[in-house]
>>> print(open('data.cif').read())   # mmCIF, C-alpha atoms (C1' of nucleotides)
data_entry
#
loop_
_atom_site.label_atom_id
_atom_site.label_comp_id
_atom_site.auth_asym_id
_atom_site.auth_seq_id
_atom_site.Cartn_x
_atom_site.Cartn_y
_atom_site.Cartn_z
CA MET D 13 -10.78 -13.56 -16.62
CA THR D 14 -7.93 -11.15 -16.52
CA GLU D 15 -7.99 -9.51 -19.89
CA LEU D 16 -5.31 -7.15 -21.15
CA LEU D 17 -6.77 -3.65 -21.42
CA ARG D 18 -6.77 -2.26 -24.95
CA GLN D 19 -5.76 1.18 -26.12
CA SER D 20 -9.41 2.22 -26.40
CA PHE D 21 -9.64 1.88 -22.62
CA PHE D 22 -6.96 4.52 -22.15
CA ALA D 23 -8.11 6.75 -25.03
CA ARG D 24 -10.77 8.41 -22.88
CA ASP D 25 -11.02 11.31 -20.45
CA ALA D 26 -8.51 10.80 -17.62
CA LEU D 27 -11.38 11.18 -15.14
CA VAL D 28 -13.19 8.17 -16.57
CA VAL D 29 -10.02 6.12 -16.89
CA ALA D 30 -9.02 6.92 -13.31
CA ARG D 31 -12.37 5.69 -12.05
CA ASP D 32 -12.36 2.57 -14.23
CA LEU D 33 -8.80 1.63 -13.26
CA ILE D 34 -9.95 0.96 -9.69
CA GLY D 35 -9.91 -2.82 -9.32
CA CYS D 36 -7.74 -3.38 -12.38
CA VAL D 37 -4.46 -5.26 -12.08
CA LEU D 38 -0.91 -4.11 -12.81
CA VAL D 39 1.48 -6.88 -13.78
CA HIS D 40 5.24 -6.50 -14.07
CA GLY D 41 7.18 -9.73 -14.17
CA GLU D 42 6.24 -11.88 -11.19
CA VAL D 43 4.53 -9.03 -9.36
CA ALA D 44 0.80 -8.29 -9.65
CA LEU D 45 -0.98 -5.41 -7.92
CA ARG D 46 -4.66 -4.65 -7.68
CA ILE D 47 -5.24 -0.91 -8.04
CA THR D 48 -7.14 0.66 -5.13
CA GLU D 49 -6.53 4.39 -5.57
CA THR D 50 -5.94 6.71 -8.53
CA GLU D 51 -5.80 10.38 -9.46
CA ALA D 52 -6.60 12.06 -12.78
CA TYR D 53 -4.46 14.82 -14.29
CA ARG D 54 -6.71 15.93 -17.07
CA HIS D 55 -5.09 18.42 -19.42
CA PRO D 56 -2.57 21.28 -19.59
CA HIS D 57 -5.19 23.68 -18.22
CA ASP D 58 -5.14 21.63 -15.02
CA THR D 59 -2.74 23.74 -12.92
CA ALA D 60 -1.84 20.66 -10.85
CA SER D 61 -0.62 18.78 -13.92
CA HIS D 62 2.99 18.39 -14.97
CA CYS D 63 1.83 19.33 -18.47
CA ARG D 64 0.86 22.79 -17.30
CA PRO D 65 4.21 24.41 -18.26
CA GLY D 66 4.01 22.93 -21.75
CA PHE D 67 6.07 20.26 -23.47
CA THR D 68 9.34 19.31 -21.77
CA ALA D 69 11.68 16.34 -22.07
CA ARG D 70 10.47 14.88 -18.80
CA THR D 71 6.75 15.08 -19.56
CA ALA D 72 7.10 14.02 -23.19
CA PRO D 73 5.35 10.66 -22.56
CA MET D 74 2.31 12.44 -21.09
CA TRP D 75 1.87 14.25 -24.41
CA GLY D 76 2.18 11.00 -26.30
CA PRO D 77 -0.34 8.29 -27.20
CA PRO D 78 -2.61 6.71 -24.56
CA GLY D 79 -1.54 3.50 -22.92
CA HIS D 80 2.01 4.62 -22.34
CA VAL D 81 3.85 5.00 -19.05
CA TYR D 82 4.98 8.26 -17.46
CA VAL D 83 7.26 7.76 -14.46
CA TYR D 84 9.00 10.62 -12.71
CA LEU D 85 11.07 11.14 -9.60
CA CYS D 86 9.44 13.00 -6.73
CA TYR D 87 11.28 14.62 -3.81
CA GLY D 88 14.47 13.24 -5.29
CA ILE D 89 13.61 9.85 -3.86
CA HIS D 90 10.30 8.37 -4.96
CA SER D 91 9.29 7.18 -8.41
CA LEU D 92 5.63 7.75 -9.29
CA LEU D 93 3.70 5.79 -11.90
CA ASN D 94 1.24 7.33 -14.35
CA LEU D 95 -0.70 5.84 -17.26
CA VAL D 96 -1.23 8.21 -20.19
CA THR D 97 -4.85 8.77 -21.23
CA ASP D 98 -6.95 10.69 -23.76
CA ASP D 99 -5.75 11.28 -27.30
CA GLU D 100 -2.16 11.90 -28.28
CA GLY D 101 -1.23 15.52 -27.70
CA GLU D 102 -3.80 16.06 -24.93
CA GLY D 103 -1.31 15.85 -22.08
CA ALA D 104 -3.34 13.80 -19.61
CA ALA D 105 -2.62 10.84 -17.35
CA VAL D 106 -3.72 8.88 -14.32
CA LEU D 107 -1.49 8.53 -11.25
CA ILE D 108 -1.57 5.16 -9.50
CA ARG D 109 -1.64 6.03 -5.80
CA SER D 110 -2.25 2.74 -3.98
CA ALA D 111 -2.62 -0.98 -4.59
CA GLU D 112 -3.00 -4.36 -2.94
CA LEU D 113 -0.36 -7.01 -3.56
CA GLU D 114 -1.83 -9.96 -5.39
CA ARG D 115 1.27 -11.86 -6.44
CA GLY D 116 5.02 -11.69 -5.86
CA ALA D 117 5.25 -10.96 -2.12
CA GLU D 118 8.70 -12.54 -1.81
CA ILE D 119 10.10 -10.33 -4.55
CA VAL D 120 8.47 -7.15 -3.32
CA HIS D 121 9.76 -7.77 0.17
CA ALA D 122 13.30 -7.76 -1.09
CA ARG D 123 12.89 -4.51 -3.00
CA ARG D 124 13.84 -1.10 -1.73
CA GLY D 125 11.18 1.01 -0.10
CA VAL D 126 9.40 -1.93 1.47
CA ARG D 127 10.57 -2.68 4.98
CA SER D 128 8.02 -4.74 6.88
CA ALA D 129 5.80 -7.67 6.01
CA ASP D 130 2.77 -5.42 6.56
CA GLU D 131 4.01 -2.89 4.05
CA VAL D 132 4.33 -5.66 1.52
CA ALA D 133 0.58 -6.25 1.36
CA LEU D 134 -0.44 -2.64 1.90
CA LEU D 135 0.98 -0.50 -0.84
CA ALA D 136 -0.63 2.77 0.26
CA GLY D 137 1.12 5.64 -1.47
CA PRO D 138 2.39 6.13 -5.03
CA GLY D 139 6.04 5.76 -4.06
CA LYS D 140 5.42 2.31 -2.64
CA VAL D 141 3.46 1.19 -5.70
CA CYS D 142 6.35 2.09 -7.98
CA ALA D 143 8.89 0.47 -5.67
CA ALA D 144 6.90 -2.76 -5.61
CA LEU D 145 6.77 -2.85 -9.40
CA ALA D 146 10.47 -1.96 -9.64
CA LEU D 147 9.76 0.98 -11.93
CA ASP D 148 11.87 4.10 -12.16
CA PRO D 149 12.01 7.10 -14.52
CA GLY D 150 14.08 5.03 -16.90
CA PHE D 151 10.90 3.12 -17.65
CA SER D 152 9.04 6.30 -18.64
CA GLY D 153 7.73 6.34 -22.20
CA ARG D 154 7.20 2.58 -22.48
CA SER D 155 3.96 1.13 -23.82
CA VAL D 156 1.71 -1.09 -21.70
CA PHE D 157 0.88 -3.15 -24.77
CA VAL D 158 4.33 -4.69 -25.13
CA PRO D 159 4.52 -8.22 -23.71
CA GLY D 160 7.04 -8.55 -20.92
CA GLY D 161 6.74 -4.93 -19.90
CA LEU D 162 4.24 -3.38 -17.53
CA GLU D 163 0.81 -4.85 -18.27
CA VAL D 164 -2.63 -3.62 -17.20
CA HIS D 165 -5.35 -6.22 -16.85
CA GLY D 166 -9.07 -5.82 -16.23
CA GLY D 167 -10.37 -6.87 -12.82
CA GLU D 168 -13.50 -7.58 -10.87
CA PRO D 169 -15.78 -4.51 -10.80
CA VAL D 170 -15.70 -2.84 -7.39
CA ARG D 171 -18.90 -2.45 -5.37
CA GLU D 172 -18.46 1.15 -4.41
CA VAL D 173 -16.07 3.84 -5.57
CA LEU D 174 -14.99 6.77 -3.41
CA VAL D 175 -14.16 10.19 -4.83
CA GLY D 176 -12.44 13.28 -3.45
CA PRO D 177 -9.68 15.87 -3.96
CA ARG D 178 -6.16 14.94 -5.00
CA VAL D 179 -3.25 14.78 -2.59
CA GLY D 180 -0.26 17.09 -2.51
CA VAL D 181 -1.46 19.65 -5.05
CA ASP D 182 -1.78 22.71 -2.82
CA TYR D 183 0.32 24.63 -5.30
CA ALA D 184 -2.51 24.46 -7.86
CA ALA D 185 -5.25 27.05 -8.40
CA PRO D 186 -8.13 26.55 -5.90
CA LEU D 187 -10.47 25.12 -8.52
CA ASP D 188 -7.95 22.45 -9.52
CA ARG D 189 -6.70 21.90 -5.99
CA ASP D 190 -10.21 21.05 -4.78
CA ALA D 191 -11.42 19.21 -7.89
CA PRO D 192 -12.72 15.68 -7.13
CA TYR D 193 -10.20 13.91 -9.34
CA ARG D 194 -9.17 11.14 -6.92
CA PHE D 195 -10.84 7.74 -6.85
CA ALA D 196 -10.60 4.73 -4.52
CA ASP D 197 -12.11 1.33 -3.82
CA ALA D 198 -14.45 1.74 -0.84
CA GLY D 199 -13.98 -1.93 -0.02
CA SER D 200 -10.20 -1.73 0.35
CA ARG D 201 -8.21 -0.70 3.39
CA VAL D 202 -5.37 0.36 1.15
CA VAL D 203 -6.44 3.95 0.58
CA THR D 204 -4.70 7.16 1.67
CA ARG D 205 -6.49 10.16 3.24
CA ARG D 206 -9.76 8.28 3.35
CA ARG D 207 -11.66 10.87 5.37
CA THR D 208 -11.48 13.30 2.47
CA LEU D 209 -13.30 10.85 0.19
CA ARG D 210 -17.04 10.38 -0.32
CA PRO D 211 -19.12 7.74 -2.13
CA LEU D 212 -19.30 8.37 -5.87
CA VAL D 213 -22.88 9.03 -6.89
CA ARG D 214 -23.92 7.45 -10.14
CA PHE D 215 -26.73 9.19 -11.95
CA PRO D 216 -29.46 7.04 -13.54
CA ARG D 217 -29.57 7.05 -17.32
"C1'" DT B 17 25.84 25.22 -14.47
"C1'" DG B 18 23.15 25.54 -10.21
"C1'" DA B 19 19.13 27.35 -7.61
"C1'" DG B 20 14.86 25.81 -6.49
"C1'" DC B 21 11.54 22.59 -5.80
"C1'" DG B 22 8.45 18.65 -5.12
"C1'" DA B 23 1.58 14.30 -7.66
"C1'" DT B 24 6.06 11.78 -0.52
"C1'" DT B 25 6.92 9.40 3.60
"C1'" DA B 26 7.33 8.23 8.35
"C1'" DA B 27 7.24 9.51 12.84
"C1'" DA B 28 5.03 11.78 16.63
"C1'" DT N 7 1.28 18.10 12.15
"C1'" DT N 8 6.06 18.31 10.99
"C1'" DA N 9 10.54 17.73 9.24
"C1'" DA N 10 13.85 15.22 6.36
"C1'" DT N 11 15.20 14.61 1.94
"C1'" DC N 12 18.22 14.85 -2.61
"C1'" DG N 13 18.23 14.09 -7.46
"C1'" DC N 14 16.42 16.16 -11.21
"C1'" DT N 15 14.47 19.75 -14.15
"C1'" DC N 16 14.82 23.63 -16.72
"C1'" DA N 17 16.13 28.14 -17.64
"C1'" DT N 18 20.44 30.64 -17.68
#
>>> encode(input="data.cif", output="structure tokens")
Amino acid sequence: MTELLRQSFFARDALVVARDLIGCVLVHGEVALRITETEAYRHPHDTASHCRPGFTARTAPMWGPPGHVYVYLCYGIHSLLNLVTDDEGEGAAVLIRSAELERGAEIVHARRGVRSADEVALLAGPGKVCAALALDPGFSGRSVFVPGGLEVHGGEPVREVLVGPRVGVDYAAPLDRDAPYRFADAGSRVVTRRRTLRPLVRFPR
DNA sequence: TGAGCGATTAAA
DNA sequence: TTAATCGCTCAT
């Protein structure tokens, strides 16, 4: 049932990948998380993206091939997990913002950044997701197709997807700041800033 | 070498 | 809504 996602899954527009990652499962060692919230950082023209200033040592993985990991340190404290999308050289990725703990509660409980039993199951916020998976910037640049590393599995399709603006990007140009690049599982209670999200309308084909 | 800053978090 | 926070990035 849980099938490893292939590179073709990631080699698409970050917007599409961000939406499709909702409900998918991150596996790192004994810990498995079901993704409930994501954000797309589409390309260097996106003024909210770390790729905006051009190629740097830190963002090198984001410019690399799809299906690789970009982890960086935020506020000097929190590690944030991204999955690189689009084609190599595009400079796009999806930020994993929230997740539900599926497996490995004992281990996650012992890890830094997770204090209470409630926080163990409710990984709302990108810093907590990374802490639960025990990922730090040293992991940045790794591939998700290498066994034993961070794996991304397909999951049950979600009933309804929510969409809305990204969090913490007030520094960006208004158009990017307000762009509906954040997605979430409407059926999960592990979602941040829910009131700013609306049901995603799917157009008939 | 260091000034500036941040894709957050928790508490109120 | 607000404040704490601190290691890292990148341009000198």
>>> residues_near_point(input="data.cif", point="(5.4, 18.2, -4.1)", cutoff="12 Å", atoms="only C-alpha atoms (C1' of nucleotides)", output="number ranges by chain")
D: 60-62, 85-90, 92, 179-184; B: 21-25
>>> residues_around(input="data.cif", residues="D:Leu38", least_positions_apart="4", cutoff="6 Å", atoms="only C-alpha atoms (C1' of nucleotides)", output="list in words")
Ala44, Leu45, Glu163 and Val164 of chain D
>>> interface_residues(input="data.cif", of="chain N", to="chain D", cutoff="10 Å", atoms="all atoms listed in the file", output="list in words")
DT11, DC12, DG13, DC14, DT15 and DC16 of chain N
>>> atom_distance(input="data.cif", atom1="atom CA of D:Leu209", atom2="atom CA of D:Glu172")
11.9 Å
>>> atom_distance(input="data.cif", atom1="atom CA of D:Ile108", atom2="atom CA of D:Thr208")
17.5 Å
>>> residues_near_point(input="data.cif", point="(10.8, 8.6, -23.8)", cutoff="10 Å", atoms="only C-alpha atoms (C1' of nucleotides)", output="VMD selection string")
chain D and resid 69 to 74 76 80 to 82 149 to 154
>>> atom_distance(input="data.cif", atom1="atom CA of D:Glu114", atom2="atom CA of D:Ile47")
10.0 Å
>>> build_atoms(input="data.cif", residues="stretch 59-74 of chain D", atoms="N, CA and C atoms", output="PDB file, keeping the file's coordinate frame")
ATOM      1  N   THR D  59      -3.940  23.117 -13.493  1.00  0.00           N
ATOM      2  CA  THR D  59      -2.740  23.740 -12.920  1.00  0.00           C
ATOM      3  C   THR D  59      -1.978  22.811 -11.969  1.00  0.00           C
ATOM      4  N   ALA D  60      -2.549  21.641 -11.680  1.00  0.00           N
ATOM      5  CA  ALA D  60      -1.840  20.660 -10.850  1.00  0.00           C
ATOM      6  C   ALA D  60      -1.033  19.707 -11.706  1.00  0.00           C
ATOM      7  N   SER D  61      -1.243  19.756 -13.016  1.00  0.00           N
ATOM      8  CA  SER D  61      -0.620  18.780 -13.920  1.00  0.00           C
ATOM      9  C   SER D  61       0.796  19.162 -14.323  1.00  0.00           C
ATOM     10  N   HIS D  62       1.623  18.169 -14.504  1.00  0.00           N
ATOM     11  CA  HIS D  62       2.990  18.390 -14.970  1.00  0.00           C
ATOM     12  C   HIS D  62       3.001  18.942 -16.392  1.00  0.00           C
ATOM     13  N   CYS D  63       1.896  18.821 -17.101  1.00  0.00           N
ATOM     14  CA  CYS D  63       1.830  19.330 -18.470  1.00  0.00           C
ATOM     15  C   CYS D  63       1.518  20.812 -18.522  1.00  0.00           C
ATOM     16  N   ARG D  64       1.212  21.387 -17.365  1.00  0.00           N
ATOM     17  CA  ARG D  64       0.860  22.790 -17.300  1.00  0.00           C
ATOM     18  C   ARG D  64       1.901  23.715 -17.948  1.00  0.00           C
ATOM     19  N   PRO D  65       3.194  23.513 -17.687  1.00  0.00           N
ATOM     20  CA  PRO D  65       4.210  24.410 -18.260  1.00  0.00           C
ATOM     21  C   PRO D  65       4.445  24.187 -19.754  1.00  0.00           C
ATOM     22  N   GLY D  66       3.773  23.218 -20.343  1.00  0.00           N
ATOM     23  CA  GLY D  66       4.010  22.930 -21.750  1.00  0.00           C
ATOM     24  C   GLY D  66       4.912  21.725 -21.921  1.00  0.00           C
ATOM     25  N   PHE D  67       5.260  21.441 -23.163  1.00  0.00           N
ATOM     26  CA  PHE D  67       6.070  20.260 -23.470  1.00  0.00           C
ATOM     27  C   PHE D  67       7.491  20.388 -22.942  1.00  0.00           C
ATOM     28  N   THR D  68       7.935  19.380 -22.200  1.00  0.00           N
ATOM     29  CA  THR D  68       9.340  19.310 -21.770  1.00  0.00           C
ATOM     30  C   THR D  68       9.812  17.877 -21.976  1.00  0.00           C
ATOM     31  N   ALA D  69      11.113  17.679 -21.861  1.00  0.00           N
ATOM     32  CA  ALA D  69      11.680  16.340 -22.070  1.00  0.00           C
ATOM     33  C   ALA D  69      11.086  15.351 -21.071  1.00  0.00           C
ATOM     34  N   ARG D  70      10.960  15.771 -19.830  1.00  0.00           N
ATOM     35  CA  ARG D  70      10.470  14.880 -18.800  1.00  0.00           C
ATOM     36  C   ARG D  70       9.044  14.432 -19.054  1.00  0.00           C
ATOM     37  N   THR D  71       8.178  15.393 -19.412  1.00  0.00           N
ATOM     38  CA  THR D  71       6.750  15.080 -19.560  1.00  0.00           C
ATOM     39  C   THR D  71       6.374  14.614 -20.963  1.00  0.00           C
ATOM     40  N   ALA D  72       7.365  14.444 -21.804  1.00  0.00           N
ATOM     41  CA  ALA D  72       7.100  14.020 -23.190  1.00  0.00           C
ATOM     42  C   ALA D  72       6.117  12.839 -23.278  1.00  0.00           C
ATOM     43  N   PRO D  73       6.286  11.794 -22.467  1.00  0.00           N
ATOM     44  CA  PRO D  73       5.350  10.660 -22.560  1.00  0.00           C
ATOM     45  C   PRO D  73       3.900  11.042 -22.294  1.00  0.00           C
ATOM     46  N   MET D  74       3.690  12.033 -21.426  1.00  0.00           N
ATOM     47  CA  MET D  74       2.310  12.440 -21.090  1.00  0.00           C
ATOM     48  C   MET D  74       1.619  13.061 -22.301  1.00  0.00           C
TER      49      MET D  74
END
